[in-house]
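File shown: my_file.txt (compact mmCIF, C-alpha atoms).
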# COMPACT_ATOMS: atom_id res chain seq x y z
CA MET A 324 154.32 10.79 -1.10
CA THR A 325 154.57 8.30 1.74
CA ASP A 326 152.49 5.14 2.05
CA LEU A 327 151.04 5.82 5.50
CA ILE A 328 150.71 8.83 7.79
CA ILE A 329 150.01 8.13 11.46
CA ILE A 330 148.79 11.05 13.55
CA GLY A 331 149.84 10.45 17.14
CA ALA A 332 152.87 8.70 18.66
CA GLY A 333 151.22 7.06 21.66
CA PRO A 334 151.07 3.28 22.09
CA ALA A 335 148.38 2.93 19.40
CA GLY A 336 150.23 4.98 16.82
CA LEU A 337 153.62 3.41 17.53
CA THR A 338 152.19 -0.11 17.33
CA ALA A 339 150.44 0.70 14.05
CA ALA A 340 153.75 1.97 12.70
CA ILE A 341 155.58 -1.22 13.69
CA TYR A 342 153.01 -3.40 11.91
CA ALA A 343 153.06 -1.23 8.79
CA LEU A 344 156.85 -1.07 8.68
CA ARG A 345 157.13 -4.83 9.01
CA ALA A 346 155.00 -5.09 5.88
CA GLY A 347 157.38 -2.86 3.98
CA LEU A 348 155.41 0.39 3.98
CA SER A 349 156.94 3.84 4.36
CA VAL A 350 155.57 5.56 7.47
CA VAL A 351 155.49 9.16 8.70
CA ILE A 352 154.36 9.75 12.29
CA ILE A 353 153.12 13.24 13.14
CA GLU A 354 153.09 14.04 16.87
CA GLY A 355 152.32 17.43 18.37
CA VAL A 356 153.58 16.87 21.90
CA ILE A 357 155.80 13.94 22.91
CA TYR A 358 156.04 10.29 21.94
CA GLY A 359 154.26 7.94 24.31
CA GLY A 360 151.21 10.12 24.91
CA GLN A 361 149.63 9.73 28.36
CA MET A 362 151.79 6.66 28.87
CA SER A 363 154.90 8.85 28.94
CA ILE A 364 153.75 10.71 32.06
CA THR A 365 152.69 7.62 34.00
CA ASN A 366 155.09 7.00 36.85
CA GLU A 367 154.88 3.20 36.97
CA ILE A 368 152.92 0.68 34.90
CA GLU A 369 152.08 -2.71 36.39
CA ASN A 370 149.24 -3.92 34.16
CA TYR A 371 151.00 -4.18 30.79
CA PRO A 372 151.78 -7.79 29.86
CA GLY A 373 155.41 -8.79 30.02
CA PHE A 374 156.49 -6.26 32.63
CA ARG A 375 155.97 -6.70 36.36
CA SER A 376 156.69 -3.00 36.66
CA ILE A 377 157.98 -0.44 34.20
CA SER A 378 157.87 3.33 34.10
CA GLY A 379 155.78 5.01 31.45
CA ALA A 380 158.87 6.83 30.22
CA GLN A 381 160.75 3.55 29.75
CA LEU A 382 157.92 1.86 27.87
CA SER A 383 157.42 4.95 25.70
CA GLU A 384 161.14 5.07 24.89
CA ALA A 385 161.20 1.37 23.98
CA MET A 386 158.24 1.66 21.60
CA TYR A 387 159.58 4.87 20.07
CA LYS A 388 163.03 3.40 19.51
CA GLN A 389 161.62 0.23 17.97
CA ALA A 390 159.54 2.18 15.45
CA GLY A 391 162.44 4.52 14.71
CA ASP A 392 164.92 1.70 14.23
CA MET A 393 162.53 0.09 11.75
CA GLY A 394 162.42 3.23 9.63
CA ALA A 395 159.54 5.41 10.88
CA LYS A 396 160.04 9.12 10.18
CA PHE A 397 158.91 11.29 13.10
CA ILE A 398 157.61 14.82 12.61
CA PHE A 399 157.14 16.60 15.94
CA GLN A 400 154.56 19.12 14.81
CA LYS A 401 150.85 19.41 15.43
CA ALA A 402 148.46 18.31 12.70
CA GLU A 403 146.35 21.40 12.01
CA GLN A 404 144.43 20.62 8.80
CA VAL A 405 143.52 17.44 6.94
CA ARG A 406 141.99 16.47 3.60
CA LEU A 407 141.06 12.82 3.79
CA SER A 408 138.80 12.14 0.81
CA GLY A 409 140.17 10.76 -2.43
CA ASP A 410 143.17 8.59 -3.15
CA VAL A 411 145.72 11.06 -1.77
CA LYS A 412 145.37 12.08 1.87
CA THR A 413 146.85 15.40 3.01
CA VAL A 414 147.92 16.43 6.51
CA LYS A 415 149.14 19.96 7.15
CA THR A 416 151.15 21.24 10.10
CA HIS A 417 152.09 24.87 10.73
CA SER A 418 155.09 24.59 8.40
CA ASN A 419 154.73 21.45 6.28
CA GLU A 420 152.30 19.48 4.14
CA PHE A 421 152.39 15.69 3.92
CA HIS A 422 150.69 13.31 1.50
CA ALA A 423 149.92 9.60 1.86
CA LYS A 424 147.85 6.75 0.49
CA ALA A 425 146.26 6.05 3.91
CA VAL A 426 146.00 7.68 7.32
CA ILE A 427 145.70 6.31 10.84
CA ILE A 428 144.52 8.76 13.49
CA ALA A 429 145.76 7.76 16.93
CA ASN A 430 145.79 11.13 18.65
CA GLY A 431 144.56 9.97 22.06
CA LEU A 432 142.68 12.27 24.40
CA LYS A 433 143.18 15.60 26.06
CA ARG A 434 142.82 15.38 29.81
CA ARG A 435 140.71 17.94 31.58
CA LEU A 436 142.86 19.79 34.06
CA LEU A 437 141.99 21.38 37.36
CA GLY A 438 144.15 24.34 36.49
CA CYS A 439 145.29 24.87 40.05
CA ARG A 440 148.78 25.71 41.24
CA GLY A 441 150.98 22.65 41.68
CA GLU A 442 148.99 20.34 39.38
CA GLU A 443 151.52 20.25 36.55
CA GLU A 444 154.50 20.27 38.90
CA PHE A 445 153.39 17.14 40.77
CA THR A 446 151.91 15.15 37.87
CA GLY A 447 153.45 11.69 38.18
CA ARG A 448 154.68 12.55 41.69
CA GLY A 449 151.45 12.24 43.64
CA VAL A 450 149.03 13.71 41.10
CA SER A 451 147.43 11.03 38.94
CA TYR A 452 144.66 10.83 36.36
CA CYS A 453 144.15 7.06 36.58
CA ALA A 454 143.20 5.30 39.82
CA VAL A 455 143.43 1.84 38.26
CA CYS A 456 146.92 2.60 36.95
CA ASP A 457 148.39 4.18 40.08
CA GLY A 458 146.18 3.25 43.02
CA ALA A 459 148.44 0.41 44.15
CA PHE A 460 151.19 2.91 44.94
CA PHE A 461 149.01 4.47 47.65
CA LYS A 462 148.11 1.41 49.71
CA GLY A 463 147.38 2.34 53.30
CA LYS A 464 147.62 6.06 52.56
CA LYS A 465 145.30 9.07 52.45
CA VAL A 466 144.22 10.33 49.05
CA ILE A 467 141.85 12.79 47.43
CA VAL A 468 139.66 12.11 44.41
CA VAL A 469 138.41 15.19 42.55
CA GLY A 470 135.18 14.95 40.57
CA GLY A 471 131.50 14.17 40.91
CA GLY A 472 130.72 11.92 37.95
CA ASN A 473 130.81 8.18 37.41
CA THR A 474 134.57 8.08 36.88
CA ALA A 475 135.27 9.91 40.13
CA ALA A 476 132.82 7.71 42.05
CA GLU A 477 134.30 4.52 40.61
CA ASP A 478 137.81 5.77 41.38
CA ALA A 479 136.87 6.58 44.98
CA LEU A 480 135.35 3.14 45.46
CA TYR A 481 138.37 1.45 43.92
CA LEU A 482 140.80 3.42 46.06
CA SER A 483 138.76 2.78 49.22
CA GLU A 484 139.82 -0.87 48.96
CA LEU A 485 143.49 0.15 48.97
CA CYS A 486 143.75 3.34 50.98
CA ASN A 487 143.06 4.11 54.63
CA GLN A 488 141.12 7.26 53.80
CA VAL A 489 139.61 8.72 50.62
CA LEU A 490 138.34 12.29 50.40
CA LEU A 491 135.96 12.88 47.49
CA VAL A 492 136.02 16.54 46.51
CA VAL A 493 132.91 17.55 44.56
CA ARG A 494 132.42 21.02 43.09
CA ARG A 495 128.62 20.80 43.10
CA ASP A 496 126.15 20.18 45.92
CA ARG A 497 125.47 16.62 44.76
CA LEU A 498 127.13 13.79 42.92
CA ARG A 499 126.42 13.48 39.21
CA ALA A 500 127.29 9.80 39.39
CA GLU A 501 124.61 7.16 38.98
CA LYS A 502 122.56 6.42 42.09
CA TYR A 503 123.95 2.94 42.66
CA LEU A 504 127.47 4.38 42.78
CA ALA A 505 126.41 7.16 45.13
CA ASP A 506 124.76 4.58 47.39
CA LEU A 507 127.91 2.46 47.47
CA ILE A 508 129.97 5.50 48.41
CA ASP A 509 127.61 6.28 51.30
CA LYS A 510 128.17 2.77 52.65
CA LYS A 511 131.97 3.15 52.68
CA SER A 512 133.23 4.23 56.09
CA ASN A 513 136.58 5.40 54.74
CA ILE A 514 135.17 7.69 52.01
CA THR A 515 134.36 11.24 53.06
CA LYS A 516 132.48 13.51 50.66
CA LEU A 517 133.43 17.19 50.60
CA MET A 518 130.63 18.86 48.68
CA GLN A 519 130.77 22.30 47.07
CA SER A 520 134.51 22.30 47.49
CA ARG A 521 137.52 22.61 45.25
CA ILE A 522 141.29 22.38 45.37
CA ARG A 523 143.01 25.74 45.14
CA GLU A 524 146.60 24.50 45.35
CA ILE A 525 148.62 21.28 45.52
CA ARG A 526 151.74 21.47 47.67
CA GLY A 527 154.73 19.26 48.31
CA GLU A 528 158.45 18.79 47.94
CA ASN A 529 159.55 15.80 45.87
CA THR A 530 155.99 14.42 46.07
CA VAL A 531 152.57 15.70 47.10
CA LYS A 532 152.28 16.54 50.80
CA SER A 533 149.10 18.61 51.10
CA VAL A 534 146.38 20.53 49.31
CA ILE A 535 144.60 23.81 49.94
CA LEU A 536 140.85 23.18 49.96
CA GLU A 537 138.25 25.91 49.52
CA ASP A 538 134.63 25.38 50.62
CA LYS A 539 131.45 27.03 49.34
CA LEU A 540 131.97 30.01 51.66
CA GLU A 541 135.47 30.49 50.22
CA ASN A 542 137.08 29.41 53.46
CA CYS A 543 140.42 27.68 52.87
CA GLN A 544 142.23 25.02 54.84
CA GLU A 545 145.39 23.00 54.28
CA VAL A 546 144.88 19.22 54.37
CA ASP A 547 147.73 16.72 54.56
CA ILE A 548 147.45 14.19 51.75
CA ASP A 549 149.56 11.56 49.99
CA GLY A 550 147.96 11.57 46.57
CA VAL A 551 145.54 13.49 44.37
CA PHE A 552 143.47 11.63 41.76
CA ILE A 553 141.89 13.98 39.24
CA ALA A 554 138.79 12.46 37.66
CA ILE A 555 137.06 15.35 35.95
CA GLY A 556 137.27 13.61 32.61
CA TYR A 557 139.08 13.45 29.31
CA GLU A 558 137.98 14.81 26.00
CA PRO A 559 138.97 13.97 22.44
CA GLY A 560 140.81 16.56 20.41
CA ASN A 561 139.09 15.69 17.15
CA ASP A 562 137.80 19.09 16.05
CA ILE A 563 139.79 19.26 12.81
CA TYR A 564 138.17 16.02 11.60
CA LYS A 565 134.55 16.76 12.44
CA ASP A 566 133.43 17.60 8.89
CA GLN A 567 135.06 14.49 7.40
CA ILE A 568 134.86 11.57 9.86
CA LYS A 569 131.73 10.38 11.65
CA MET A 570 131.77 10.86 15.42
CA ASP A 571 129.43 10.23 18.32
CA ASP A 572 127.84 12.98 20.41
CA TYR A 573 130.99 13.23 22.52
CA MET A 574 133.32 13.71 19.53
CA TYR A 575 134.82 10.22 19.62
CA PHE A 576 135.45 8.61 16.25
CA ILE A 577 133.00 5.91 15.20
CA SER A 578 134.63 2.82 13.73
CA ASP A 579 134.10 -0.90 13.44
CA GLU A 580 136.36 -3.63 14.82
CA SER A 581 138.70 -3.17 11.86
CA CYS A 582 139.25 0.43 13.02
CA GLN A 583 137.91 1.61 9.65
CA THR A 584 136.09 4.95 9.57
CA ASN A 585 133.45 6.10 7.10
CA VAL A 586 136.28 7.45 4.91
CA SER A 587 138.07 4.94 2.68
CA GLY A 588 141.71 4.53 3.67
CA VAL A 589 141.31 6.31 7.02
CA TYR A 590 141.57 4.34 10.27
CA VAL A 591 141.43 5.27 13.96
CA ALA A 592 143.14 3.62 16.89
CA GLY A 593 143.35 4.03 20.65
CA ASP A 594 141.55 6.32 23.05
CA CYS A 595 140.24 8.68 20.34
CA ARG A 596 137.61 6.19 19.17
CA THR A 597 134.47 4.81 20.78
CA LYS A 598 135.39 1.85 23.00
CA PRO A 599 134.55 0.48 26.47
CA ILE A 600 138.06 0.40 27.97
CA ARG A 601 140.94 2.81 27.43
CA GLN A 602 144.23 1.30 28.55
CA ILE A 603 147.70 0.85 27.03
CA ALA A 604 146.89 -2.78 26.21
CA THR A 605 143.74 -1.86 24.29
CA ALA A 606 145.53 0.97 22.48
CA VAL A 607 148.22 -1.46 21.35
CA SER A 608 145.50 -3.84 20.16
CA ASP A 609 143.88 -1.09 18.11
CA GLY A 610 147.25 -0.12 16.67
CA ALA A 611 147.93 -3.68 15.52
CA VAL A 612 144.51 -3.88 13.86
CA ALA A 613 144.65 -0.43 12.24
CA GLY A 614 148.21 -0.96 11.01
CA SER A 615 147.32 -4.32 9.48
CA MET A 616 144.16 -2.98 7.84
CA ALA A 617 146.06 -0.01 6.40
CA VAL A 618 148.61 -2.41 4.92
CA ARG A 619 145.84 -4.47 3.35
CA PHE A 620 144.18 -1.35 1.96
CA ILE A 621 147.39 0.04 0.42
CA LEU A 622 148.46 -3.27 -1.10
CA SER A 623 145.01 -3.67 -2.65
CA LYS A 624 145.58 -0.45 -4.57
CA THR A 625 148.88 -1.53 -6.11
This structure in structure tokens:
Amino acid sequence: MTDLIIIGAGPAGLTAAIYALRAGLSVVIIEGVIYGGQMSITNEIENYPGFRSISGAQLSEAMYKQAGDMGAKFIFQKAEQVRLSGDVKTVKTHSNEFHAKAVIIANGLKRRLLGCRGEEEFTGRGVSYCAVCDGAFFKGKKVIVVGGGNTAAEDALYLSELCNQVLLVVRRDRLRAEKYLADLIDKKSNITKLMQSRIREIRGENTVKSVILEDKLENCQEVDIDGVFIAIGYEPGNDIYKDQIKMDDYMYFISDESCQTNVSGVYVAGDCRTKPIRQIATAVSDGAVAGSMAVRFILSKT
């Protein structure tokens, strides 16, 4: 049995591991995709302290290597079942079962995808899911924002301060965003709303060059574009925990500032929990707190 299992190897999980390892705990990190999480597919990061600019892949590699060098054991399998009550916590993957004294869940979010041709191919090369993260790379250019909710409206407004032209592609016949955001968009001369429209295909070579837009009558046209910002939302992948850990109506974990859940010895960190801002810096903060609290919990039992 290990001291601590961390589910998720994004910035929150890796930071939690570093804090726990420094305290002398044994740590197993279970990750179903790739270390770094969403950070790993971010082209350039300019808002993480200490780095004027660094690629998401570089920052992910640095965090991963640090945790590995300190003794973290990585299991690249998806957590499929958990038993979190009692003194021994169990996490099952498709081929293994792991036991620990405490668990930190730092599994991030699943992004909602458009599902159109070219989306995966150009992710990080003109297709972005974070206007605040990547907007600066499109100064003076023409971009598309996809979505009709608050996030899409806020992204369009943010990008309108950087870009020459912003096209807001909305699937419905009206914005779902709050009225004050919709009113601000209407006042922006460089934001054009394309209602009842959708992107059928994203095209390019090394980077995005154009998109195929379809209107409500199913007419298609190719539009030259420099960047596509997809803002149709993220969702937590917390289904396997729903009968054990308290969540809000949107399936985000509920925790206090110590990252403690309603289950003794179980902590949550990063984008998977209720919080006002989801950035690398706040994920790292959560990881430091959760890791430290897990250490305190385990040592109190010895």
Item to check | Shell of 10 Å around segment 414-425 of chain A, only C-alpha atoms, local chain residues under 2 positions omitted, as a count of residues only | outcome: 36
Item to check | Contacts of segment 441-454 of chain A at 7 Å (only C-alpha atoms; same-chain gap of 6+ positions) as a count of residues only | outcome: 16
Next on the checklist: I'd like to know which of A:Gly470, A:Gly458, A:Gly379, A:Gly373 is closest to Pro334 of chain A, using all atoms listed in the file.
Outcome noted: A:Gly379
Next on the checklist: Between atom CA of Glu528 of chain A and atom CA of Ala476 of chain A, what is the distance in Å, rounded to a tenth?
Outcome noted: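 Straight-line distance from atom CA of Glu528 of chain A to atom CA of Ala476 of chain A works out to 28.5 Å.
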Checklist outcome for this item: re atom CA of Val466 of chain A and atom CA of Glu537 of chain A: distance 16.7 Å
Checklist entry - So which one's closest to Gly360 of chain A, A:Leu337, A:Cys456, A:Leu536, A:Leu344? Using all atoms listed in the file, please. => result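 Using all atoms listed in the file, the shortest distance to Gly360 of chain A belongs to A:Leu337.
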Checklist entry - Could you work out how far atom CA of Gly560 of chain A lies from atom CA of Val492 of chain A, giving the answer in Å with one decimal? => result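 Separating atom CA of Val492 of chain A from atom CA of Gly560 of chain A is a distance of 26.5 Å.
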Item to check | For Arg434 of chain A, the nearest of the candidates A:Ala339, A:Leu498, A:Ile555, A:Leu517, counting all atoms listed in the file | outcome: A:Ile555
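The nearest approach to Ile508 of chain A among the residues A:Ala611, A:Leu491, A:Leu432, A:Val591, with only C-alpha atoms taken into account, belongs to A:Leu491.
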Checklist entry - Residues at most 12 Å from Cys582 of chain A, counting all atoms listed in the file, excluding those fewer than 3 positions away in the same chain, as a ChimeraX atom specification? => result /A:335,339,426-429,576-579,585-598,606,608-617
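With all atoms listed in the file as the atoms that count, the minimum distance from Phe461 of chain A to the choices A:Asp547, A:Glu484, A:Glu501, A:Asp538 is reached by A:Glu484.
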Checklist entry - From the list A:Asn513, A:Gln544, A:Gln602, A:Thr474, which residue is nearest Arg499 of chain A when using all atoms listed in the file? => result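 Of A:Asn513, A:Gln544, A:Gln602, A:Thr474, the one nearest Arg499 of chain A is A:Thr474, counting all atoms listed in the file.
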Checklist entry - Hey, what's within 8 Å of Arg435 of chain A if we count all atoms listed in the file and toss same-chain stuff fewer than 4 positions away? As a ChimeraX atom specification, please? => result /A:555-558
